[in-house]
$ cat entry.tsv   # TSV, C-alpha atoms and all ligand atoms
chain	number	residue	atom	x	y	z
N	1	MET	CA	0.00	0.00	0.00
N	2	LYS	CA	1.28	3.44	-0.91
N	3	ARG	CA	1.76	5.79	2.00
N	4	TRP	CA	3.14	9.24	2.62
N	5	TYR	CA	6.40	10.10	4.35
N	6	MET	CA	8.05	13.39	5.19
N	7	VAL	CA	11.69	13.29	4.19
N	8	THR	CA	13.98	15.85	5.82
N	9	VAL	CA	17.45	16.39	4.39
N	10	VAL	CA	20.26	18.62	5.66
N	11	GLY	CA	23.75	18.91	4.25
N	12	LYS	CA	26.48	21.32	3.24
N	13	ASP	CA	25.23	23.06	0.10
N	14	ARG	CA	26.72	21.88	-3.17
N	15	PRO	CA	25.40	21.46	-6.70
N	16	GLY	CA	23.39	18.31	-7.44
N	17	ILE	CA	21.65	17.56	-4.14
N	18	VAL	CA	18.10	17.98	-5.48
N	19	ALA	CA	18.83	16.25	-8.77
N	20	GLY	CA	20.54	13.31	-7.05
N	21	LEU	CA	17.86	12.87	-4.39
N	22	THR	CA	14.88	13.10	-6.73
N	23	GLU	CA	16.55	10.76	-9.23
N	24	ALA	CA	17.09	8.14	-6.49
N	25	LEU	CA	13.46	8.47	-5.39
N	26	TYR	CA	12.16	8.28	-8.96
N	27	ARG	CA	14.19	5.12	-9.65
N	28	GLY	CA	12.87	3.65	-6.43
N	29	GLY	CA	9.26	4.11	-7.55
N	30	ALA	CA	8.38	7.02	-5.26
N	31	ASN	CA	6.03	9.92	-6.06
N	32	LEU	CA	6.89	13.40	-4.85
N	33	GLY	CA	4.35	15.74	-3.28
N	34	GLU	CA	4.70	19.20	-1.81
N	35	ALA	CA	8.19	20.38	-0.89
N	36	SER	CA	10.07	23.24	0.62
N	37	MET	CA	13.79	23.53	-0.10
N	38	ALA	CA	16.18	26.32	0.74
N	39	ARG	CA	19.80	27.21	1.32
N	40	LEU	CA	20.06	28.27	4.96
N	41	GLY	CA	23.40	29.48	6.30
N	42	GLY	CA	25.40	27.56	3.69
N	43	ASN	CA	23.46	24.35	4.29
N	44	PHE	CA	20.93	22.97	1.90
N	45	THR	CA	17.69	21.89	3.54
N	46	ILE	CA	14.81	19.87	2.14
N	47	MET	CA	11.37	19.03	3.49
N	48	LEU	CA	9.73	16.76	0.96
N	49	MET	CA	6.51	14.73	0.89
N	50	VAL	CA	7.25	11.32	-0.63
N	51	GLN	CA	4.68	8.64	-1.45
N	52	ILE	CA	5.85	5.06	-1.85
N	53	ASP	CA	4.72	1.48	-1.37
N	54	ALA	CA	7.44	0.69	1.16
N	55	GLU	CA	8.38	0.82	4.81
N	56	ALA	CA	10.29	3.78	6.23
N	57	ASN	CA	13.54	1.84	6.45
N	58	GLU	CA	13.28	0.80	2.78
N	59	LEU	CA	12.79	4.42	1.81
N	60	GLU	CA	15.86	5.33	3.86
N	61	ARG	CA	17.85	2.61	2.06
N	62	LEU	CA	16.87	4.10	-1.31
N	63	MET	CA	18.50	7.39	-0.35
N	64	ALA	CA	21.47	5.95	1.59
N	65	PRO	CA	24.05	5.80	-1.24
N	66	LEU	CA	23.43	9.42	-2.18
N	67	ALA	CA	23.43	10.50	1.47
N	68	ARG	CA	26.85	8.89	1.89
N	69	GLU	CA	28.22	10.37	-1.31
N	70	LEU	CA	27.08	13.95	-0.56
N	71	ALA	CA	27.35	13.75	3.25
N	72	LEU	CA	23.64	14.43	3.77
N	73	ARG	CA	21.70	13.74	6.94
N	74	VAL	CA	18.36	12.20	5.99
N	75	HIS	CA	15.38	11.69	8.26
N	76	VAL	CA	12.14	9.90	7.40
N	77	ASP	CA	8.79	10.19	9.22
N	78	ALA	CA	5.58	8.38	8.33
N	79	ILE	CA	2.87	11.07	8.10
N	80	GLU	CA	-0.89	11.29	7.89
N	81	GLY	CA	-0.41	13.72	4.99
N	82	ARG	CA	-2.48	14.08	1.90
N	83	LEU	CA	-2.29	16.33	-1.14
N	84	HIS	CA	-4.92	18.97	-1.91
N	85	GLU	CA	-5.08	20.06	1.73
N	86	HIS	CA	-4.17	23.70	1.03
N	87	LEU	CA	-5.48	26.39	3.32
N	88	GLU	CA	-5.97	29.84	1.83
N	89	PRO	CA	-4.15	32.62	3.70
N	90	ASN	CA	-6.14	35.78	4.37
N	91	VAL	CA	-3.27	37.95	5.58
N	92	ARG	CA	0.35	38.62	4.72
N	93	ILE	CA	2.68	40.00	7.39
N	94	ALA	CA	6.02	41.60	6.63
N	95	VAL	CA	8.32	42.25	9.56
N	96	TYR	CA	11.75	43.84	9.76
N	97	GLY	CA	13.96	45.51	12.30
N	98	ALA	CA	17.38	45.61	13.91
N	99	ASP	CA	18.17	41.99	14.79
N	100	ARG	CA	18.01	41.24	18.50
N	101	PRO	CA	17.12	38.17	20.56
N	102	GLY	CA	13.43	37.43	20.81
N	103	ILE	CA	11.99	39.18	17.75
N	104	VAL	CA	10.41	36.07	16.25
N	105	ALA	CA	9.10	34.90	19.60
N	106	GLN	CA	7.56	38.28	20.41
N	107	VAL	CA	5.96	38.76	17.01
N	108	THR	CA	4.64	35.23	16.63
N	109	GLU	CA	3.39	35.09	20.21
N	110	ALA	CA	1.42	38.31	19.70
N	111	LEU	CA	0.03	36.96	16.42
N	112	ALA	CA	-0.86	33.53	17.84
N	113	GLY	CA	-2.65	35.18	20.74
N	114	ALA	CA	-4.70	37.18	18.23
N	115	GLY	CA	-5.80	34.06	16.34
N	116	LEU	CA	-3.20	33.74	13.56
N	117	ASN	CA	-2.40	30.35	12.10
N	118	ILE	CA	0.96	30.56	10.26
N	119	LEU	CA	0.82	28.77	6.90
N	120	ASP	CA	4.17	29.89	5.55
N	121	LEU	CA	7.09	31.72	7.16
N	122	GLU	CA	10.34	32.80	5.61
N	123	SER	CA	12.97	34.78	7.45
N	124	ASP	CA	16.47	36.02	6.86
N	125	VAL	CA	19.21	37.96	8.56
N	126	ALA	CA	20.69	40.71	6.38
N	127	GLY	CA	22.60	43.93	6.96
N	128	THR	CA	26.16	43.70	8.27
N	129	GLU	CA	27.73	41.60	10.99
N	130	ALA	CA	27.98	44.70	13.17
N	131	GLU	CA	24.41	45.80	12.49
N	132	PRO	CA	22.30	42.83	11.41
N	133	ILE	CA	18.68	43.28	10.40
N	134	TYR	CA	16.01	40.63	10.71
N	135	ILE	CA	13.48	40.24	7.90
N	136	MET	CA	10.48	37.94	7.98
N	137	THR	CA	7.42	37.32	5.82
N	138	ILE	CA	4.45	35.31	6.99
N	139	ASP	CA	1.36	34.14	5.12
N	140	GLY	CA	-1.34	33.14	7.54
N	141	TYR	CA	-4.96	32.70	8.31
N	142	ALA	CA	-6.34	35.21	10.84
N	143	ARG	CA	-9.23	33.39	12.45
N	144	ASP	CA	-10.68	36.51	14.04
N	145	GLY	CA	-9.86	38.95	11.24
N	146	VAL	CA	-6.96	41.25	10.47
N	147	GLY	CA	-8.11	44.08	12.76
N	148	VAL	CA	-7.49	41.94	15.84
N	149	LEU	CA	-3.91	41.33	14.65
N	150	GLU	CA	-3.27	45.05	14.20
N	151	ALA	CA	-4.26	45.71	17.80
N	152	ALA	CA	-2.06	42.90	19.10
N	153	LEU	CA	0.99	44.25	17.24
N	154	ALA	CA	0.92	47.74	18.78
N	155	PRO	CA	3.43	46.87	21.57
N	156	ILE	CA	5.76	45.23	19.02
N	157	ARG	CA	5.76	48.36	16.87
N	158	ALA	CA	6.41	50.49	19.95
N	159	GLY	CA	9.58	48.42	20.43
N	160	GLY	CA	10.94	49.60	17.06
N	161	ILE	CA	10.00	46.62	14.87
N	162	GLU	CA	8.38	47.45	11.53
N	163	VAL	CA	5.33	45.31	10.88
N	164	ARG	CA	3.06	45.61	7.87
N	165	LEU	CA	-0.17	43.66	7.58
N	166	THR	CA	-1.84	43.28	4.20
N	167	PRO	CA	-5.17	41.50	3.91
N	168	ILE	CA	-5.12	38.89	1.16
N	169	ASP	CA	-8.26	38.88	-0.95
N	170	THR	CA	-7.54	36.09	-3.41
N	171	LEU	CA	-8.98	36.83	-6.82
N	172	VAL	CA	-10.57	33.87	-8.61
N	173	GLY	CA	-11.21	34.28	-12.32
L	1	MET	CA	-28.68	30.10	-19.98
L	2	ALA	CA	-26.50	27.10	-19.30
L	3	VAL	CA	-23.65	26.47	-16.91
L	4	LEU	CA	-20.81	25.33	-19.17
L	5	GLU	CA	-18.01	22.93	-18.34
L	6	VAL	CA	-14.80	24.73	-17.31
L	7	LEU	CA	-11.56	23.45	-18.86
L	8	HIS	CA	-8.76	22.65	-16.42
L	9	TYR	CA	-5.05	22.93	-17.06
L	10	PRO	CA	-3.18	20.78	-18.33
L	11	ASP	CA	-5.78	20.92	-21.11
L	12	ALA	CA	-3.54	22.33	-23.88
L	13	ARG	CA	-6.42	24.35	-25.31
L	14	LEU	CA	-6.07	26.82	-22.43
L	15	LYS	CA	-2.67	27.80	-23.85
L	16	GLN	CA	-3.95	28.82	-27.28
L	17	VAL	CA	-4.59	32.36	-28.53
L	18	SER	CA	-8.28	33.12	-29.10
L	19	ALA	CA	-9.65	34.73	-32.26
L	20	PRO	CA	-11.37	38.13	-32.52
L	21	VAL	CA	-15.17	38.23	-32.60
L	22	THR	CA	-16.55	39.39	-35.95
L	23	GLU	CA	-20.26	38.65	-35.64
L	24	PHE	CA	-22.41	40.38	-33.06
L	25	ALA	CA	-25.56	38.29	-33.29
L	26	ALA	CA	-27.71	35.94	-31.22
L	27	ASP	CA	-24.89	33.39	-30.84
L	28	LEU	CA	-22.74	35.95	-29.06
L	29	ARG	CA	-25.57	36.97	-26.73
L	30	ARG	CA	-26.21	33.32	-25.87
L	31	LEU	CA	-22.52	32.72	-25.13
L	32	LEU	CA	-22.40	35.83	-22.92
L	33	ALA	CA	-25.42	34.60	-20.97
L	34	ASP	CA	-23.83	31.17	-20.55
L	35	LEU	CA	-20.54	32.71	-19.40
L	36	GLU	CA	-22.46	34.73	-16.85
L	37	ALA	CA	-24.36	31.68	-15.59
L	38	THR	CA	-21.13	29.71	-15.36
L	39	MET	CA	-19.32	32.47	-13.45
L	40	ARG	CA	-22.26	32.80	-11.03
L	41	ALA	CA	-22.20	29.04	-10.43
L	42	TYR	CA	-18.82	29.42	-8.65
L	43	PRO	CA	-19.16	31.52	-5.50
L	44	GLY	CA	-16.37	34.08	-5.23
L	45	CYS	CA	-15.53	33.94	-8.93
L	46	VAL	CA	-15.22	37.48	-10.34
L	47	GLY	CA	-14.48	36.84	-14.00
L	48	LEU	CA	-14.54	34.29	-16.76
L	49	ALA	CA	-13.05	34.20	-20.25
L	50	ALA	CA	-14.59	32.32	-23.17
L	51	PRO	CA	-11.57	30.02	-23.70
L	52	GLN	CA	-12.08	28.71	-20.15
L	53	VAL	CA	-15.29	27.10	-21.40
L	54	GLY	CA	-13.77	25.91	-24.67
L	55	ARG	CA	-14.88	28.84	-26.87
L	56	PHE	CA	-11.74	30.34	-28.35
L	57	GLN	CA	-13.01	33.84	-29.01
L	58	ARG	CA	-11.82	37.13	-27.50
L	59	ILE	CA	-14.62	37.47	-24.97
L	60	ALA	CA	-14.53	37.87	-21.19
L	61	ILE	CA	-16.84	38.99	-18.44
L	62	VAL	CA	-15.79	40.58	-15.15
L	63	ASP	CA	-17.90	41.55	-12.17
L	64	VAL	CA	-16.20	42.51	-8.90
L	65	SER	CA	-19.19	44.46	-7.58
L	66	SER	CA	-19.86	41.88	-4.87
L	67	ARG	CA	-16.48	42.50	-3.19
L	68	PRO	CA	-16.69	44.91	-0.26
L	69	GLY	CA	-14.94	48.26	-0.62
L	70	VAL	CA	-13.79	47.74	-4.21
L	71	ARG	CA	-14.05	50.40	-6.95
L	72	HIS	CA	-15.73	48.97	-10.02
L	73	ASN	CA	-17.60	49.54	-13.28
L	74	GLY	CA	-20.35	47.04	-12.50
L	75	ARG	CA	-20.78	44.09	-14.78
L	76	LEU	CA	-18.23	44.28	-17.61
L	77	VAL	CA	-18.81	42.58	-20.95
L	78	LEU	CA	-15.51	42.65	-22.83
L	79	VAL	CA	-15.52	41.65	-26.48
L	80	ASN	CA	-12.25	42.13	-28.40
L	81	PRO	CA	-10.78	44.02	-25.43
L	82	GLN	CA	-7.62	46.06	-25.81
L	83	VAL	CA	-5.58	47.67	-23.07
L	84	LEU	CA	-4.88	51.29	-24.05
L	85	GLU	CA	-2.85	52.30	-21.01
L	86	ARG	CA	-1.47	50.63	-17.94
L	87	GLY	CA	0.40	51.94	-14.94
L	88	GLY	CA	1.62	51.12	-11.46
L	89	GLU	CA	2.42	47.65	-10.25
L	90	VAL	CA	0.76	45.73	-7.44
L	91	VAL	CA	1.37	42.19	-6.23
L	92	GLY	CA	-1.77	40.29	-5.26
L	93	ARG	CA	-2.92	36.73	-4.85
L	94	GLU	CA	-4.82	34.96	-7.61
L	95	GLY	CA	-6.47	31.67	-8.27
L	96	CYS	CA	-8.31	30.42	-11.35
L	97	LEU	CA	-11.26	28.16	-12.07
L	98	SER	CA	-9.03	26.50	-14.67
L	99	VAL	CA	-6.27	25.78	-12.10
L	100	PRO	CA	-7.96	24.13	-9.10
L	101	ASP	CA	-6.29	23.94	-5.69
L	102	TYR	CA	-3.52	26.47	-6.22
L	103	THR	CA	-3.18	30.18	-5.60
L	104	GLY	CA	-0.15	32.37	-6.03
L	105	ASN	CA	1.15	35.91	-6.09
L	106	VAL	CA	1.10	37.82	-9.35
L	107	ALA	CA	2.28	41.35	-10.23
L	108	ARG	CA	-0.29	43.34	-12.22
L	109	ALA	CA	-0.73	46.92	-13.30
L	110	GLY	CA	-2.56	48.87	-10.61
L	111	HIS	CA	-4.63	50.82	-13.10
L	112	ILE	CA	-5.55	50.28	-16.74
L	113	ARG	CA	-7.63	51.93	-19.45
L	114	LEU	CA	-9.23	49.60	-21.90
L	115	ARG	CA	-11.44	49.64	-24.93
L	116	ALA	CA	-13.78	46.78	-25.69
L	117	GLN	CA	-16.88	46.09	-27.71
L	118	ASP	CA	-20.17	45.23	-26.07
L	119	ALA	CA	-22.75	42.59	-27.01
L	120	THR	CA	-23.94	44.67	-29.96
L	121	GLY	CA	-20.49	45.62	-31.26
L	122	GLY	CA	-20.45	49.16	-29.88
L	123	TYR	CA	-17.09	50.44	-28.57
L	124	ARG	CA	-16.80	51.38	-24.90
L	125	GLU	CA	-13.90	52.60	-22.78
L	126	TYR	CA	-13.33	51.78	-19.14
L	127	GLY	CA	-10.90	52.86	-16.44
L	128	CYS	CA	-10.21	50.11	-13.91
L	129	VAL	CA	-8.15	50.23	-10.72
L	130	ASP	CA	-6.93	47.81	-8.08
L	131	TYR	CA	-8.96	44.64	-7.73
L	132	GLU	CA	-11.05	45.23	-10.85
L	133	ALA	CA	-7.92	46.02	-12.89
L	134	ARG	CA	-6.40	42.75	-11.64
L	135	ALA	CA	-9.52	40.79	-12.62
L	136	VAL	CA	-9.57	42.30	-16.12
L	137	GLN	CA	-5.86	41.56	-16.67
L	138	HIS	CA	-6.34	37.98	-15.45
L	139	GLU	CA	-9.21	37.42	-17.92
L	140	LEU	CA	-7.45	39.15	-20.83
L	141	ASP	CA	-4.46	36.84	-20.29
L	142	HIS	CA	-6.76	33.85	-20.93
L	143	LEU	CA	-7.51	35.28	-24.41
L	144	ASP	CA	-3.78	35.09	-25.16
L	145	GLY	CA	-3.34	31.58	-23.76
L	146	LEU	CA	-1.70	32.80	-20.54
L	147	LEU	CA	-2.49	31.59	-17.03
L	148	PHE	CA	-1.59	33.27	-13.74
L	149	LEU	CA	0.96	30.45	-13.43
L	150	ASP	CA	2.87	32.21	-16.22
L	151	ARG	CA	3.23	35.31	-14.05
L	152	LEU	CA	3.99	34.08	-10.52
L	153	VAL	CA	6.38	36.23	-8.52
L	154	SER	CA	8.62	35.12	-5.67
L	155	ARG	CA	7.86	35.76	-2.03
L	156	ARG	CA	10.57	38.40	-1.92
L	157	ASP	CA	8.50	40.53	-4.26
L	158	LEU	CA	5.87	40.76	-1.54
L	159	PHE	CA	8.00	43.41	0.14
L	160	ARG	CA	7.21	45.80	-2.69
L	161	ARG	CA	4.87	48.49	-1.55
L	162	LYS	CA	1.70	49.24	-3.41
L	163	VAL	CA	2.56	52.03	-5.82
L	164	TYR	CA	-0.69	52.81	-7.60
L	165	LYS	CA	-2.77	56.04	-7.45
N	201	ZN	ZN	-8.50	32.29	-14.75
$ encode --input "entry.tsv" --output "structure tokens" --more "lines below"
Ligand SMILES: [Zn+2]
Amino acid sequence: MKRWYMVTVVGKDRPGIVAGLTEALYRGGANLGEASMARLGGNFTIMLMVQIDAEANELERLMAPLARELALRVHVDAIEGRLHEHLEPNVRIAVYGADRPGIVAQVTEALAGAGLNILDLESDVAGTEAEPIYIMTIDGYARDGVGVLEAALAPIRAGGIEVRLTPIDTLVG
Amino acid sequence: MAVLEVLHYPDARLKQVSAPVTEFAADLRRLLADLEATMRAYPGCVGLAAPQVGRFQRIAIVDVSSRPGVRHNGRLVLVNPQVLERGGEVVGREGCLSVPDYTGNVARAGHIRLRAQDATGGYREYGCVDYEARAVQHELDHLDGLLFLDRLVSRRDLFRRKVYK
């Protein structure tokens, strides 16, 4: 029986990781689902939904030669996942400010308390080593509306963090 | 009026360029009524182009009047539409009846002027802004075989501020 796994891969970034991994999975009879892949701090990271008629350890074996060759750490979890489970975001949140400990915790705690479910978060540290800036974008679903989020962010803004909320009204045509 | 079947990508016909309308007769009025019925059959849908229902003619309808707080021209019937002017750039999220279960961010002009014929062949001009301008550009793309998937922008582009007005 085919089932879904979440495959997590971390390794030093180099050309050919995605090609090598997806080729090994294809040859092993696996289907690929949704994925998120990014270079983070010189590492390459992969979160990938894989569907295959095999046990977790067999799936791991499929990827083992490549993992050895490219020095990748691979982790496999059986998941309840399914495709076509997308949730539509209704708000986009852009945050930036001088980097300091606790920004993400403060912002996301305020947002969670105001009913935000984060669907997608991407963040980066830019600027210079002496004066780093933290930049984050979030797509989410505000259960109680965007106005409630605005109110919850007032103390964050007072602390010098720039936060911009934009309602998302998805056009269907 | 009939609710027509909507084509879904990867149907290759959605990628073809539609032909100009030359006859403004009963057939056209019937197709417009069917497009309207089909659009109304999908709650939240604000526009539909003829190629989405397998009729490869340069016809689209747009109606964003149900959206709260949106500037609009009412129900737009666009036959052989042509954009005369466009300006500004705004990133917004779009989905499509022809691309189920996916939405994405697309950059569009924030305001446009267009000329189109109506059901009887008469020429009309419209100024559209914001959400209505986005809807019109989305539908006009269908007439040229383009989907919003052809115009996706990266998440980094979301930092762009709205620059219309
Ligand atoms: Zn469409």
$ atom_distance --input "entry.tsv" --atom1 "CA of Asp99 in chain N" --atom2 "CA of Arg155 in chain L"
20.7 Å
$ atom_distance --input "entry.tsv" --atom1 "CA of Gly74 in chain L" --atom2 "CA of Tyr126 in chain L"
10.8 Å
$ interface_residues --input "entry.tsv" --of "chain L" --to "chain N" --cutoff "7 Å" --atoms "only C-alpha atoms" --output "list of chain:residue names"
L:Gly44, L:Cys45, L:Val46, L:Gly47, L:Leu48, L:Arg93, L:Glu94, L:Gly95, L:Cys96, L:Leu97, L:Asp101, L:Ala135, L:His138, L:Glu139
$ write_last_selection --input "entry.tsv" --atoms "C-alpha atoms" --output "short mmCIF file (atom, residue, chain, number, x, y, z; two decimals), in the coordinates of the input"
data_model
loop_
_atom_site.label_atom_id
_atom_site.label_comp_id
_atom_site.auth_asym_id
_atom_site.auth_seq_id
_atom_site.Cartn_x
_atom_site.Cartn_y
_atom_site.Cartn_z
CA GLY L 44 -16.37 34.08 -5.23
CA CYS L 45 -15.53 33.94 -8.93
CA VAL L 46 -15.22 37.48 -10.34
CA GLY L 47 -14.48 36.84 -14.00
CA LEU L 48 -14.54 34.29 -16.76
CA ARG L 93 -2.92 36.73 -4.85
CA GLU L 94 -4.82 34.96 -7.61
CA GLY L 95 -6.47 31.67 -8.27
CA CYS L 96 -8.31 30.42 -11.35
CA LEU L 97 -11.26 28.16 -12.07
CA ASP L 101 -6.29 23.94 -5.69
CA ALA L 135 -9.52 40.79 -12.62
CA HIS L 138 -6.34 37.98 -15.45
CA GLU L 139 -9.21 37.42 -17.92
#
$ closest_atom_pairs --input "entry.tsv" --of "chain L" --to "ligand ZN 201 (chain N)" --cutoff "12 Å" --atoms "only C-alpha atoms and all ligand atoms" --output "CSV"
residue,atom,partner,partner_atom,distance
L:Val6,CA,N:ZN201,ZN,10.2
L:Leu7,CA,N:ZN201,ZN,10.2
L:His8,CA,N:ZN201,ZN,9.8
L:Tyr9,CA,N:ZN201,ZN,10.2
L:Leu14,CA,N:ZN201,ZN,9.7
L:Lys15,CA,N:ZN201,ZN,11.7
L:Met39,CA,N:ZN201,ZN,10.9
L:Cys45,CA,N:ZN201,ZN,9.3
L:Val46,CA,N:ZN201,ZN,9.6
L:Gly47,CA,N:ZN201,ZN,7.6
L:Leu48,CA,N:ZN201,ZN,6.7
L:Ala49,CA,N:ZN201,ZN,7.4
L:Ala50,CA,N:ZN201,ZN,10.4
L:Pro51,CA,N:ZN201,ZN,9.7
L:Gln52,CA,N:ZN201,ZN,7.4
L:Val53,CA,N:ZN201,ZN,10.8
L:Ala60,CA,N:ZN201,ZN,10.4
L:Ile61,CA,N:ZN201,ZN,11.3
L:Val62,CA,N:ZN201,ZN,11.0
L:Glu94,CA,N:ZN201,ZN,8.5
L:Gly95,CA,N:ZN201,ZN,6.8
L:Cys96,CA,N:ZN201,ZN,3.9
L:Leu97,CA,N:ZN201,ZN,5.6
L:Ser98,CA,N:ZN201,ZN,5.8
L:Val99,CA,N:ZN201,ZN,7.4
L:Pro100,CA,N:ZN201,ZN,9.9
L:Tyr102,CA,N:ZN201,ZN,11.5
L:Thr103,CA,N:ZN201,ZN,10.8
L:Arg134,CA,N:ZN201,ZN,11.1
L:Ala135,CA,N:ZN201,ZN,8.8
L:Val136,CA,N:ZN201,ZN,10.2
L:Gln137,CA,N:ZN201,ZN,9.8
L:His138,CA,N:ZN201,ZN,6.1
L:Glu139,CA,N:ZN201,ZN,6.1
L:Leu140,CA,N:ZN201,ZN,9.2
L:Asp141,CA,N:ZN201,ZN,8.2
L:His142,CA,N:ZN201,ZN,6.6
L:Leu143,CA,N:ZN201,ZN,10.2
L:Asp144,CA,N:ZN201,ZN,11.8
L:Gly145,CA,N:ZN201,ZN,10.4
L:Leu146,CA,N:ZN201,ZN,8.9
L:Leu147,CA,N:ZN201,ZN,6.5
L:Phe148,CA,N:ZN201,ZN,7.1
L:Leu149,CA,N:ZN201,ZN,9.7
L:Asp150,CA,N:ZN201,ZN,11.5
$ residues_around --input "entry.tsv" --residues "Ile17 in chain N" --least-positions-apart "6" --cutoff "9 Å" --atoms "all atoms listed in the file" --output "list of chain:residue names"
N:Gly11, N:Phe44, N:Leu66, N:Leu70, N:Leu72
$ axis_aligned_box --input "entry.tsv" --around "range 101-104 of chain N" --padding-each-side "6 Å" --output "AutoDock Vina command-line options"
--center_x 13.8 --center_y 37.6 --center_z 18.5 --size_x 18.7 --size_y 15.1 --size_z 16.6
$ residues_around --input "entry.tsv" --residues "Ile161 in chain N" --least-positions-apart "2" --cutoff "8 Å" --atoms "only C-alpha atoms" --output "PyMOL selection string"
chain N and resi 95-98+156-159+163
$ residues_around --input "entry.tsv" --residues "Gly87 in chain L" --least-positions-apart "2" --cutoff "12 Å" --atoms "all atoms listed in the file" --output "PyMOL selection string"
chain L and resi 83-85+89-90+107-113+127-130+133-134+162-165
$ closest_residue --input "entry.tsv" --among "N:Arg14, N:Ser36, N:Tyr5, N:Ile103" --to "Asn57 in chain N" --atoms "only C-alpha atoms"
N:Tyr5
$ atom_distance --input "entry.tsv" --atom1 "CA of Arg58 in chain L" --atom2 "CA of Pro20 in chain L"
5.1 Å
$ residues_around --input "entry.tsv" --residues "range 76-81 of chain N" --least-positions-apart "4" --cutoff "12 Å" --atoms "only C-alpha atoms" --output "PyMOL selection string"
chain N and resi 2-9+33-34+46-64+85-86
$ residues_around --input "entry.tsv" --residues "Leu32 in chain L" --least-positions-apart "4" --cutoff "8 Å" --atoms "all atoms listed in the file" --output "list in words"
Leu28, Glu36, Ile61, Val77 and Ala119 of chain L
